[in-house]
file protein_31.txt (compact mmCIF, C-alpha atoms)
# COMPACT_ATOMS: atom_id res chain seq x y z
CA MET A 6 79.31 139.83 85.15
CA ARG A 7 82.10 142.18 86.15
CA ILE A 8 85.63 140.90 86.86
CA GLY A 9 84.96 141.17 90.62
CA GLU A 10 82.08 138.72 90.44
CA LEU A 11 84.08 136.44 88.14
CA ALA A 12 86.83 136.41 90.78
CA ARG A 13 84.36 135.69 93.59
CA ARG A 14 82.57 132.87 91.78
CA SER A 15 85.73 131.23 90.44
CA GLY A 16 87.87 131.65 93.54
CA VAL A 17 90.62 133.09 91.32
CA SER A 18 91.94 136.52 92.36
CA ILE A 19 91.52 139.57 90.09
CA PRO A 20 95.29 139.98 89.51
CA THR A 21 95.52 136.33 88.50
CA ILE A 22 92.55 136.67 86.13
CA LYS A 23 94.28 139.69 84.57
CA TYR A 24 97.43 137.64 84.21
CA TYR A 25 95.53 134.90 82.37
CA LEU A 26 94.00 137.55 80.09
CA ARG A 27 97.44 138.97 79.30
CA GLU A 28 98.88 135.51 78.70
CA GLY A 29 96.06 134.64 76.32
CA LEU A 30 94.71 131.75 78.38
CA LEU A 31 91.40 133.51 79.02
CA PRO A 32 89.63 135.27 76.12
CA PRO A 33 88.81 138.95 76.74
CA GLY A 34 85.35 139.89 77.98
CA ALA A 35 82.96 142.11 76.03
CA ALA A 36 83.95 145.78 76.41
CA THR A 37 81.14 147.70 78.13
CA ALA A 38 83.04 150.93 78.80
CA PRO A 39 86.66 152.07 78.59
CA ASN A 40 88.60 149.85 81.02
CA GLN A 41 85.52 147.80 81.79
CA ALA A 42 84.47 144.42 80.44
CA SER A 43 81.68 141.96 80.99
CA TYR A 44 82.29 138.25 81.43
CA GLY A 45 79.95 135.30 80.92
CA GLU A 46 79.53 131.73 82.14
CA GLU A 47 81.98 130.61 79.46
CA HIS A 48 84.70 132.65 81.20
CA LEU A 49 83.87 131.00 84.51
CA HIS A 50 84.11 127.57 82.88
CA ARG A 51 87.36 128.47 81.14
CA LEU A 52 88.86 129.62 84.45
CA ARG A 53 88.05 126.21 85.98
CA LEU A 54 89.69 124.53 83.01
CA ILE A 55 92.80 126.71 83.34
CA ARG A 56 93.10 125.95 87.06
CA ALA A 57 92.66 122.23 86.46
CA LEU A 58 95.42 122.21 83.84
CA LEU A 59 97.83 124.31 85.90
CA ASP A 60 97.13 123.14 89.45
CA VAL A 61 96.05 119.53 89.10
CA GLY A 62 97.71 118.71 85.78
CA GLY A 63 100.90 120.58 86.65
CA LEU A 64 101.17 122.18 83.19
CA THR A 65 103.27 125.27 82.62
CA VAL A 66 101.46 128.41 81.43
CA ALA A 67 103.04 127.95 78.00
CA ALA A 68 101.82 124.35 77.74
CA ALA A 69 98.32 125.33 78.91
CA ARG A 70 98.20 128.10 76.29
CA GLU A 71 99.10 125.62 73.56
CA VAL A 72 96.48 123.12 74.70
CA LEU A 73 93.76 125.78 75.04
CA ALA A 74 94.55 127.18 71.59
CA ALA A 75 93.94 123.71 70.17
CA VAL A 76 90.69 123.40 72.15
CA ASP A 77 89.55 126.68 70.60
CA GLU A 78 90.42 125.68 67.06
CA PRO A 79 87.19 125.01 65.19
CA GLY A 80 87.03 121.66 63.50
CA ILE A 81 90.08 120.14 65.14
CA GLY A 82 89.77 116.37 65.18
CA GLN A 83 89.91 114.29 68.32
CA HIS A 84 93.03 112.42 67.15
CA GLU A 85 94.86 115.64 66.28
CA LEU A 86 93.91 117.20 69.62
CA LEU A 87 95.29 114.20 71.48
CA GLY A 88 98.59 114.77 69.70
CA VAL A 89 98.65 118.43 70.78
CA ALA A 90 97.81 117.48 74.38
CA HIS A 91 100.57 114.87 74.41
CA ARG A 92 103.23 117.13 72.94
CA ALA A 93 102.35 120.10 75.15
CA THR A 94 102.44 118.04 78.32
CA GLU A 95 105.51 115.92 77.67
CA GLN A 96 108.37 117.32 79.68
CA SER A 97 111.45 117.57 77.54
CA ALA A 98 112.40 113.94 77.07
CA ARG A 99 115.59 114.19 75.12
CA ARG A 100 117.11 111.64 72.85
CA GLY A 101 120.34 110.72 74.54
CA SER A 102 123.49 110.34 72.50
CA GLY A 103 125.87 107.42 72.41
CA ASP A 104 125.51 103.68 71.96
CA ALA A 105 123.52 103.02 75.11
CA ALA A 106 120.89 105.62 74.18
CA ALA A 107 120.64 104.35 70.59
CA HIS A 108 120.27 100.81 71.83
CA ALA A 109 117.54 101.82 74.30
CA ARG A 110 115.73 103.76 71.59
CA ALA A 111 115.78 100.72 69.29
CA GLU A 112 114.53 98.60 72.18
CA ALA A 113 111.62 100.99 72.82
CA GLU A 114 110.67 100.99 69.13
CA SER A 115 110.86 97.22 68.96
CA PHE A 116 108.72 96.91 72.10
CA VAL A 117 105.99 99.07 70.60
CA ARG A 118 106.21 97.37 67.19
CA THR A 119 105.88 93.94 68.77
CA ARG A 120 102.62 95.06 70.34
CA GLY A 121 101.37 96.27 66.94
CA TRP A 122 100.70 99.79 68.17
CA LEU A 123 100.06 102.52 65.58
CA VAL A 124 102.30 105.33 66.83
CA GLN A 125 104.27 108.01 65.04
CA PRO A 126 108.04 107.51 65.21
CA ASP A 127 108.41 111.03 66.61
CA ALA A 128 105.99 110.45 69.51
CA PRO A 129 107.66 112.07 72.55
CA ALA A 130 106.58 109.14 74.71
CA LEU A 131 108.89 106.86 72.69
CA ASP A 132 111.87 108.96 73.76
CA ARG A 133 110.64 108.89 77.34
CA LEU A 134 110.35 105.11 77.27
CA ALA A 135 113.85 104.84 75.80
CA GLU A 136 115.20 107.11 78.55
CA VAL A 137 113.77 104.85 81.23
CA ILE A 138 115.14 101.71 79.58
CA ALA A 139 118.60 103.30 79.28
CA ALA A 140 118.54 104.37 82.93
CA TRP A 141 117.47 100.94 84.15
CA ARG A 142 120.27 99.29 82.18
CA ALA A 143 122.88 101.81 83.37
CA LEU A 144 121.88 101.09 86.96
CA GLY A 145 121.91 97.32 86.56
CA GLN A 146 118.17 97.14 87.19
CA GLU A 147 117.29 95.11 84.10
CA ASP A 148 114.93 93.04 86.25
CA LEU A 149 112.53 95.98 86.26
CA MET A 150 112.16 95.52 82.49
CA ALA A 151 109.89 92.61 83.36
CA CYS A 152 107.34 95.20 84.50
CA LEU A 153 107.07 96.73 81.03
CA ASP A 154 104.81 94.00 79.68
CA GLY A 155 102.41 94.48 82.57
CA TYR A 156 102.43 98.25 82.06
CA ALA A 157 101.72 97.82 78.36
CA ARG A 158 98.83 95.41 78.91
CA ALA A 159 97.33 97.77 81.49
CA ALA A 160 97.89 100.73 79.16
CA GLU A 161 96.01 99.01 76.34
CA VAL A 162 92.96 98.36 78.50
CA ILE A 163 93.03 101.87 79.96
CA ALA A 164 93.49 103.63 76.63
CA GLN A 165 90.66 101.71 74.99
CA GLN A 166 88.32 102.69 77.80
CA GLU A 167 89.49 106.31 77.76
CA VAL A 168 89.00 106.74 74.04
CA ASP A 169 85.55 105.13 74.26
CA THR A 170 84.56 107.40 77.17
CA VAL A 171 85.72 110.53 75.38
CA LEU A 172 84.01 109.65 72.11
CA ALA A 173 80.78 108.86 73.97
CA GLN A 174 80.45 112.57 74.85
CA GLY A 175 77.59 113.74 72.67
CA ASP A 176 78.52 117.41 72.59
CA ARG A 177 81.56 118.36 70.49
CA ALA A 178 82.81 121.04 72.92
CA ALA A 179 82.54 118.58 75.80
CA MET A 180 84.39 115.96 73.78
CA VAL A 181 87.23 118.33 72.96
CA GLU A 182 87.62 119.24 76.62
CA ALA A 183 87.36 115.60 77.64
CA VAL A 184 90.38 114.76 75.47
CA VAL A 185 92.46 117.41 77.23
CA ILE A 186 91.10 116.82 80.71
CA GLY A 187 91.19 113.06 80.30
CA THR A 188 94.79 113.08 79.10
CA VAL A 189 96.17 115.44 81.71
CA LEU A 190 94.04 114.73 84.77
CA GLY A 191 93.56 111.05 83.96
CA GLU A 192 97.33 110.73 84.15
CA ALA A 193 97.33 112.28 87.63
CA ALA A 194 94.54 109.93 88.72
CA LEU A 195 96.31 106.85 87.35
CA ILE A 196 99.57 107.79 89.07
CA ALA A 197 97.76 108.39 92.36
CA LEU A 198 95.99 105.02 92.15
CA ARG A 199 99.22 103.20 91.26
CA ARG A 200 100.84 104.67 94.36
CA LEU A 201 97.93 103.75 96.60
CA ALA A 202 97.91 100.22 95.17
CA GLN A 203 101.69 100.01 95.70
CA GLU A 204 101.26 101.07 99.32
CA ASP A 205 98.60 98.40 99.76
CA ALA A 206 100.66 95.64 98.09
CA SER A 207 103.75 96.66 100.06
CA ALA A 208 101.84 96.82 103.36
CA ARG A 209 100.47 93.32 102.83
CA ARG A 210 103.93 91.95 102.02
CA ALA A 211 105.26 93.66 105.16
CA GLY A 212 102.63 91.77 107.14
CA LEU A 213 100.41 94.72 108.01
CA THR A 214 96.72 93.90 108.35
CA PRO A 215 93.65 96.10 108.56
CA SER A 216 93.27 95.36 112.28
CA ALA A 217 96.95 96.07 113.00
CA ARG A 218 96.60 99.36 111.18
CA ASP A 219 93.53 100.39 113.13
CA ALA A 220 95.15 99.52 116.47
CA MET B 9 139.96 107.56 90.39
CA ARG B 10 140.35 111.33 90.28
CA ILE B 11 137.37 113.62 89.71
CA GLY B 12 138.40 114.09 86.06
CA GLU B 13 138.12 110.40 85.33
CA LEU B 14 134.83 110.22 87.24
CA ALA B 15 133.53 113.02 85.00
CA ARG B 16 134.72 111.30 81.86
CA ARG B 17 133.29 107.88 82.73
CA SER B 18 129.96 109.23 84.02
CA GLY B 19 129.44 111.90 81.36
CA VAL B 20 128.72 114.40 84.16
CA SER B 21 130.85 117.55 84.11
CA ILE B 22 133.26 118.36 86.96
CA PRO B 23 131.33 121.49 88.07
CA THR B 24 128.12 119.44 88.21
CA ILE B 25 129.84 116.70 90.23
CA LYS B 26 131.07 119.37 92.64
CA TYR B 27 127.54 120.72 92.88
CA TYR B 28 126.20 117.27 93.79
CA LEU B 29 128.96 116.96 96.42
CA ARG B 30 128.01 120.33 97.94
CA GLU B 31 124.30 119.45 97.87
CA GLY B 32 124.96 116.17 99.64
CA LEU B 33 123.68 113.97 96.82
CA LEU B 34 127.09 112.41 96.22
CA PRO B 35 129.19 111.30 99.21
CA PRO B 36 132.70 112.78 99.37
CA GLY B 37 135.62 110.79 98.00
CA ALA B 38 138.55 109.64 100.11
CA ALA B 39 140.97 112.53 100.71
CA THR B 40 144.34 111.71 99.17
CA ALA B 41 145.92 115.14 99.50
CA PRO B 42 144.73 118.65 100.38
CA ASN B 43 142.11 119.54 97.74
CA GLN B 44 142.33 116.12 96.16
CA ALA B 45 140.08 113.12 96.58
CA SER B 46 139.78 109.66 95.15
CA TYR B 47 136.49 108.23 93.94
CA GLY B 48 135.42 104.63 93.47
CA GLU B 49 132.96 102.61 91.42
CA GLU B 50 130.29 103.36 94.02
CA HIS B 51 130.56 107.06 93.14
CA LEU B 52 130.10 106.26 89.46
CA HIS B 53 127.03 104.21 90.26
CA ARG B 54 125.65 106.91 92.53
CA LEU B 55 126.09 109.49 89.77
CA ARG B 56 124.03 107.34 87.41
CA LEU B 57 121.34 107.05 90.08
CA ILE B 58 121.32 110.82 90.63
CA ARG B 59 121.01 111.51 86.90
CA ALA B 60 118.18 108.98 86.56
CA LEU B 61 116.25 110.58 89.42
CA LEU B 62 116.78 114.15 88.20
CA ASP B 63 116.67 113.76 84.41
CA VAL B 64 114.35 110.84 83.79
CA GLY B 65 112.32 110.94 87.00
CA GLY B 66 112.08 114.74 86.98
CA LEU B 67 112.80 115.03 90.72
CA THR B 68 114.00 118.26 92.24
CA VAL B 69 117.43 118.26 93.89
CA ALA B 70 115.73 118.49 97.28
CA ALA B 71 113.51 115.49 96.56
CA ALA B 72 116.47 113.48 95.24
CA ARG B 73 118.46 114.30 98.41
CA GLU B 74 115.60 113.04 100.57
CA VAL B 75 115.25 109.81 98.59
CA LEU B 76 119.02 109.18 98.55
CA ALA B 77 119.28 109.80 102.29
CA ALA B 78 116.66 107.08 102.79
CA VAL B 79 118.54 104.74 100.43
CA ASP B 80 121.67 105.26 102.54
CA GLU B 81 119.93 104.63 105.85
CA PRO B 82 121.06 101.23 107.13
CA GLY B 83 118.25 98.86 107.97
CA ILE B 84 115.46 100.85 106.38
CA GLY B 85 112.60 98.55 105.44
CA GLN B 86 111.22 98.24 101.94
CA HIS B 87 107.77 99.46 103.01
CA GLU B 88 109.19 102.50 104.80
CA LEU B 89 111.40 103.36 101.84
CA LEU B 90 108.41 103.24 99.51
CA GLY B 91 106.71 105.81 101.75
CA VAL B 92 109.75 108.11 101.55
CA ALA B 93 109.91 107.74 97.76
CA HIS B 94 106.20 108.53 97.46
CA ARG B 95 106.32 111.57 99.72
CA ALA B 96 109.47 113.00 98.16
CA THR B 97 108.14 112.68 94.64
CA GLU B 98 104.56 113.80 95.14
CA GLN B 99 104.27 117.34 93.84
CA SER B 100 102.43 119.45 96.35
CA ALA B 101 98.90 118.10 96.09
CA ARG B 102 97.01 120.36 98.40
CA ARG B 103 93.80 119.67 100.18
CA GLY B 104 91.37 122.15 98.74
CA SER B 105 89.00 124.02 101.00
CA GLY B 106 85.24 124.30 100.71
CA ASP B 107 82.39 121.85 100.24
CA ALA B 108 83.39 120.61 96.79
CA ALA B 109 86.91 119.72 97.97
CA ALA B 110 85.62 118.01 101.13
CA HIS B 111 83.13 116.03 99.07
CA ALA B 112 85.82 114.98 96.59
CA ARG B 113 88.12 113.97 99.42
CA ALA B 114 85.36 111.81 100.96
CA GLU B 115 84.74 110.29 97.54
CA ALA B 116 88.44 109.43 97.11
CA GLU B 117 88.54 107.81 100.57
CA SER B 118 85.40 105.86 99.90
CA PHE B 119 86.74 104.68 96.53
CA VAL B 120 89.90 103.33 98.16
CA ARG B 121 87.99 101.80 101.09
CA THR B 122 85.62 100.01 98.73
CA ARG B 123 88.60 98.34 97.09
CA GLY B 124 89.90 97.25 100.50
CA TRP B 125 93.28 98.91 100.05
CA LEU B 126 95.53 99.31 103.09
CA VAL B 127 96.63 102.93 102.80
CA GLN B 128 97.44 105.58 105.37
CA PRO B 129 94.84 108.36 105.53
CA ASP B 130 97.64 110.92 105.05
CA ALA B 131 98.92 109.32 101.82
CA PRO B 132 99.62 112.25 99.46
CA ALA B 133 98.15 110.28 96.56
CA LEU B 134 94.73 110.42 98.28
CA ASP B 135 94.81 114.21 98.08
CA ARG B 136 95.90 114.00 94.45
CA LEU B 137 93.02 111.68 93.61
CA ALA B 138 90.58 114.00 95.40
CA GLU B 139 91.94 116.96 93.42
CA VAL B 140 91.28 115.19 90.13
CA ILE B 141 87.75 114.20 91.17
CA ALA B 142 86.99 117.78 92.25
CA ALA B 143 88.31 119.17 88.96
CA TRP B 144 86.32 116.70 86.86
CA ARG B 145 83.14 117.59 88.73
CA ALA B 146 83.77 121.35 88.47
CA LEU B 147 84.21 120.97 84.70
CA GLY B 148 81.11 118.84 84.23
CA GLN B 149 83.24 115.86 83.14
CA GLU B 150 81.74 113.35 85.58
CA ASP B 151 81.70 110.80 82.74
CA LEU B 152 85.46 110.50 83.11
CA MET B 153 84.87 109.08 86.61
CA ALA B 154 83.94 105.87 84.82
CA CYS B 155 87.65 105.49 84.00
CA LEU B 156 88.63 105.32 87.67
CA ASP B 157 87.59 101.70 88.09
CA GLY B 158 89.70 100.69 85.11
CA TYR B 159 92.67 102.66 86.47
CA ALA B 160 92.29 101.00 89.87
CA ARG B 161 92.11 97.48 88.43
CA ALA B 162 95.18 98.16 86.31
CA ALA B 163 96.97 99.70 89.30
CA GLU B 164 96.34 96.60 91.42
CA VAL B 165 97.86 94.28 88.81
CA ILE B 166 100.81 96.60 88.21
CA ALA B 167 101.56 97.17 91.89
CA GLN B 168 101.49 93.48 92.71
CA GLN B 169 103.96 92.78 89.93
CA GLU B 170 106.18 95.69 90.94
CA VAL B 171 106.37 94.68 94.58
CA ASP B 172 107.11 91.08 93.59
CA THR B 173 109.85 92.18 91.18
CA VAL B 174 111.49 94.42 93.76
CA LEU B 175 111.39 91.82 96.52
CA ALA B 176 112.84 89.22 94.16
CA GLN B 177 116.14 91.17 94.13
CA GLY B 178 118.50 89.02 96.15
CA ASP B 179 120.88 91.76 97.19
CA ARG B 180 119.63 94.26 99.78
CA ALA B 181 121.35 97.29 98.21
CA ALA B 182 119.86 96.39 94.81
CA MET B 183 116.42 95.97 96.39
CA VAL B 184 116.57 99.37 98.07
CA GLU B 185 117.52 101.01 94.79
CA ALA B 186 114.87 99.05 92.93
CA VAL B 187 112.18 100.53 95.19
CA VAL B 188 113.30 104.04 94.35
CA ILE B 189 114.04 103.43 90.68
CA GLY B 190 110.91 101.36 90.23
CA THR B 191 108.70 103.99 91.83
CA VAL B 192 110.11 106.99 90.01
CA LEU B 193 111.13 105.58 86.63
CA GLY B 194 108.36 103.00 86.51
CA GLU B 195 105.93 105.90 86.70
CA ALA B 196 107.60 107.54 83.71
CA ALA B 197 107.46 104.25 81.78
CA LEU B 198 103.80 103.68 82.60
CA ILE B 199 102.85 107.21 81.54
CA ALA B 200 104.77 106.84 78.29
CA LEU B 201 103.08 103.53 77.51
CA ARG B 202 99.62 104.92 78.34
CA ARG B 203 100.23 107.74 75.86
CA LEU B 204 101.45 105.40 73.16
CA ALA B 205 98.45 103.12 73.71
CA GLN B 206 96.15 106.16 73.60
CA GLU B 207 97.68 107.21 70.31
CA ASP B 208 97.14 103.71 68.95
CA ALA B 209 93.51 103.48 70.18
CA SER B 210 92.77 106.97 68.88
CA ALA B 211 94.42 106.28 65.49
CA ARG B 212 92.33 103.14 65.04
CA ARG B 213 89.12 104.98 65.93
CA ALA B 214 90.10 107.71 63.46
CA GLY B 215 90.35 105.01 60.79
CA LEU B 216 94.12 105.04 60.36
CA THR B 217 95.65 101.73 59.42
CA PRO B 218 99.25 100.51 59.38
CA SER B 219 99.35 100.63 55.58
CA ALA B 220 97.86 104.14 55.44
CA ARG B 221 100.52 105.27 57.91
CA ASP B 222 103.37 103.77 55.94
CA ALA B 223 102.14 105.32 52.68

call {"tool": "encode", "arguments": {"input": "protein_31.txt", "output": "structure tokens"}}
result
Amino acid sequence: MRIGELARRSGVSIPTIKYYLREGLLPPGAATAPNQASYGEEHLHRLRLIRALLDVGGLTVAAAREVLAAVDEPGIGQHELLGVAHRATEQSARRGSGDAAAHARAEAESFVRTRGWLVQPDAPALDRLAEVIAAWRALGQEDLMACLDGYARAAEVIAQQEVDTVLAQGDRAAMVEAVVIGTVLGEAALIALRRLAQEDASARRAGLTPSARDA
Amino acid sequence: MRIGELARRSGVSIPTIKYYLREGLLPPGAATAPNQASYGEEHLHRLRLIRALLDVGGLTVAAAREVLAAVDEPGIGQHELLGVAHRATEQSARRGSGDAAAHARAEAESFVRTRGWLVQPDAPALDRLAEVIAAWRALGQEDLMACLDGYARAAEVIAQQEVDTVLAQGDRAAMVEAVVIGTVLGEAALIALRRLAQEDASARRAGLTPSARDA
């Protein structure tokens, strides 16, 4: 199909498609004439993937490019791809300096070690966890640390199910995309559901009832 | 204390403190002379809260201002404050147009109704959930929908614990801050732990073992 039809079917404007081509997110079409190219169903699918990563997943163009390059790499393993997806989508957690940051970092490492998790010491999520612990302590909200065990237990159950679901995909291309889509969009879904469940738990504690709400 | 000491004790530079004052994130100090003000411990604490919201929580300055204004509102209820924190920190989930978006939105509403959750129909997280469902369907990754039940069960347990922890704070000011800090930073902690648990689950499925890792 021509770029006009690709735009119509995908709902993405021609200038935006050209931008994705320039940025290397979308592979070029087959040249059919000077300044003319033909696009296939795989371009349509790739456009949907790009939009999901950018719009729903909130990735930057640079992060999406990195993730898509890994998706395109032949023979990349599922575990390696997960690492790429995690690194590309982790927003600049920095290791703080000073005693409080070092203490929080040691606390995060000890927390993960106690649970027996196999994680690389340079996992960006470890720095993120340490940041949160340091912030809670600085604000005198140590009580919130009690929530960490519940988060970790929930995370174990969720992660097991996610990995099983992704590996159950028969087709390799589908599996590779499922790792990326599951990591990025699954996070958005989990956050949304946590917020809805919080609203529900808070409403019940505030004494709201279904009938009061409908009134 | 003078602004210089406030900068030294908080680790936030004087120009940045002045920026927060101009933006209304930090209340002004007590004027002691023309162009001179005195700051107290409450300013130091507020600076830590601002940095946690911006740096760890990833909020924009505008979102942080909205959340802090709610924190400062006398007599605001815990349930109301949760709503402000959710709205201020939800990144522009938009209701899509077209049949697919409408179908996904109906699916998200039905999912929440089936669980019996008390949530407002205009909760931004409902739109976010619908966005994810629409993206999964568009990409042919309906299998990932199987993860939603696990997310929801985990979210219920987490939210119950979070609300209990926040309400257990004796002091009202601490409780108000715990709602905000728990919502924003708890999210960061949960995401980090999900990623670490994913890495662990994926490493085990890939056949890595603790001893192989240490070698």

call {"tool": "atom_distance", "arguments": {"input": "protein_31.txt", "atom1": "CA of Ala67 in chain A", "atom2": "CA of Leu52 in chain A"}}
result
15.7 Å

call {"tool": "axis_aligned_box", "arguments": {"input": "protein_31.txt", "around": "range 20-39 of chain A", "padding_each_side": "5 Å", "output": "lines of an AutoDock Vina configuration file"}}
result
center_x = 90.0
center_y = 141.9
center_z = 82.8
size_x = 27.7
size_y = 30.3
size_z = 23.5

call {"tool": "residues_around", "arguments": {"input": "protein_31.txt", "residues": "Arg158 in chain A", "least_positions_apart": "3", "cutoff": "12 Å", "atoms": "all atoms listed in the file", "output": "list of chain:residue names"}}
result
A:Val117, A:Arg120, A:Trp122, A:Cys152, A:Leu153, A:Asp154, A:Gly155, A:Glu161, A:Val162, A:Ile163, A:Ala164, A:Gln165, B:Arg161, B:Ala162, B:Ala163, B:Val165, B:Ile166, B:Leu198, B:Leu201, B:Arg202, B:Leu204, B:Ala205

call {"tool": "closest_atom_pairs", "arguments": {"input": "protein_31.txt", "of": "chain A", "to": "chain B", "cutoff": "7 Å", "atoms": "all atoms listed in the file", "output": "Markdown table"}}
result
| residue | atom | partner | partner_atom | distance |
| --- | --- | --- | --- | --- |
| A:His50 | CA | B:Leu147 | CA | 6.8 |
| A:Arg53 | CA | B:Leu147 | CA | 6.6 |
| A:Leu54 | CA | B:Leu147 | CA | 6.7 |
| A:Ala57 | CA | B:Ala143 | CA | 5.9 |
| A:Val61 | CA | B:Glu139 | CA | 6.5 |
| A:His84 | CA | B:Ser210 | CA | 5.7 |
| A:Trp122 | CA | B:Asp208 | CA | 5.4 |
| A:Leu123 | CA | B:Asp208 | CA | 4.6 |
| A:Val124 | CA | B:Asp208 | CA | 5.8 |
| A:Ala130 | CA | B:Ala200 | CA | 4.6 |
| A:Leu131 | CA | B:Ala200 | CA | 7.0 |
| A:Arg133 | CA | B:Ala200 | CA | 6.3 |
| A:Leu134 | CA | B:Ala197 | CA | 5.4 |
| A:Glu136 | CA | B:Val64 | CA | 6.5 |
| A:Val137 | CA | B:Leu193 | CA | 6.1 |
| A:Ala140 | CA | B:Ala60 | CA | 5.9 |
| A:Ala143 | CA | B:Arg56 | CA | 6.9 |
| A:Leu144 | CA | B:Arg56 | CA | 6.6 |
| A:Gln146 | CA | B:Ala186 | CA | 6.9 |
| A:Leu149 | CA | B:Thr173 | CA | 6.8 |
| A:Cys152 | CA | B:Glu170 | CA | 6.6 |
| A:Gly155 | CA | B:Ile166 | CA | 6.2 |
| A:Tyr156 | CA | B:Leu198 | CA | 5.6 |
| A:Ala157 | CA | B:Leu201 | CA | 5.9 |
| A:Ala159 | CA | B:Ala162 | CA | 5.3 |
| A:Ala160 | CA | B:Arg202 | CA | 4.6 |
| A:Glu161 | CA | B:Ala205 | CA | 5.5 |
| A:Ile163 | CA | B:Gly158 | CA | 6.2 |
| A:Ala164 | CA | B:Gln206 | CA | 4.8 |
| A:Gln165 | CA | B:Ala209 | CA | 5.9 |
| A:Gln166 | CA | B:Cys155 | CA | 6.8 |
| A:Glu167 | CA | B:Cys155 | CA | 6.6 |
| A:Val168 | CA | B:Ser210 | CA | 6.4 |
| A:Thr170 | CA | B:Leu152 | CA | 6.8 |
| A:Ala183 | CA | B:Gln149 | CA | 6.9 |
| A:Gly187 | CA | B:Leu152 | CA | 6.9 |
| A:Leu190 | CA | B:Val140 | CA | 6.0 |
| A:Ala194 | CA | B:Leu137 | CA | 5.4 |
| A:Leu195 | CA | B:Tyr159 | CA | 5.6 |
| A:Ala197 | CA | B:Ala133 | CA | 4.6 |
| A:Leu198 | CA | B:Ala160 | CA | 5.9 |
| A:Arg199 | CA | B:Ala163 | CA | 4.6 |
| A:Arg200 | CA | B:Ala133 | CA | 6.6 |
| A:Leu201 | CA | B:Val127 | CA | 6.4 |
| A:Ala202 | CA | B:Glu164 | CA | 5.4 |
| A:Gln203 | CA | B:Ala167 | CA | 4.8 |
| A:Glu204 | CA | B:Val127 | CA | 6.1 |
| A:Asp205 | CA | B:Leu126 | CA | 4.6 |
| A:Ala206 | CA | B:Gln168 | CA | 5.9 |
| A:Ser207 | CA | B:His87 | CA | 5.7 |
| A:Ala208 | CA | B:His87 | CA | 6.5 |
| A:Ala211 | CA | B:His87 | CA | 6.7 |
| A:Pro215 | CA | B:Leu126 | CA | 6.6 |

call {"tool": "closest_residue", "arguments": {"input": "protein_31.txt", "among": "A:Ala178, A:Leu49, A:Val185, A:Ala111", "to": "Arg13 in chain A", "atoms": "all atoms listed in the file"}}
result
A:Leu49

call {"tool": "atom_distance", "arguments": {"input": "protein_31.txt", "atom1": "CA of Ile84 in chain B", "atom2": "CA of Val187 in chain B"}}
result
11.7 Å

call {"tool": "atom_distance", "arguments": {"input": "protein_31.txt", "atom1": "CA of Pro32 in chain A", "atom2": "CA of Ala112 in chain B"}}
result
29.1 Å

call {"tool": "residues_near_point", "arguments": {"input": "protein_31.txt", "point": "(121.6, 113.5, 94.2)", "cutoff": "6 Å", "atoms": "all atoms listed in the file", "output": "PyMOL selection string"}}
result
chain B and resi 28+33-34+58+72-73

call {"tool": "residues_around", "arguments": {"input": "protein_31.txt", "residues": "Ala38 in chain B", "least_positions_apart": "6", "cutoff": "8 Å", "atoms": "all atoms listed in the file", "output": "ChimeraX atom specification"}}
result
/B:45-47

call {"tool": "closest_residue", "arguments": {"input": "protein_31.txt", "among": "B:Gly106, B:Gly48, B:Pro36, B:Gly83", "to": "Gly16 in chain A", "atoms": "all atoms listed in the file"}}
result
B:Gly106

call {"tool": "closest_residue", "arguments": {"input": "protein_31.txt", "among": "B:Glu31, B:Glu81, B:Asp107, B:Glu117", "to": "Asp130 in chain B", "atoms": "all atoms listed in the file"}}
result
B:Glu117
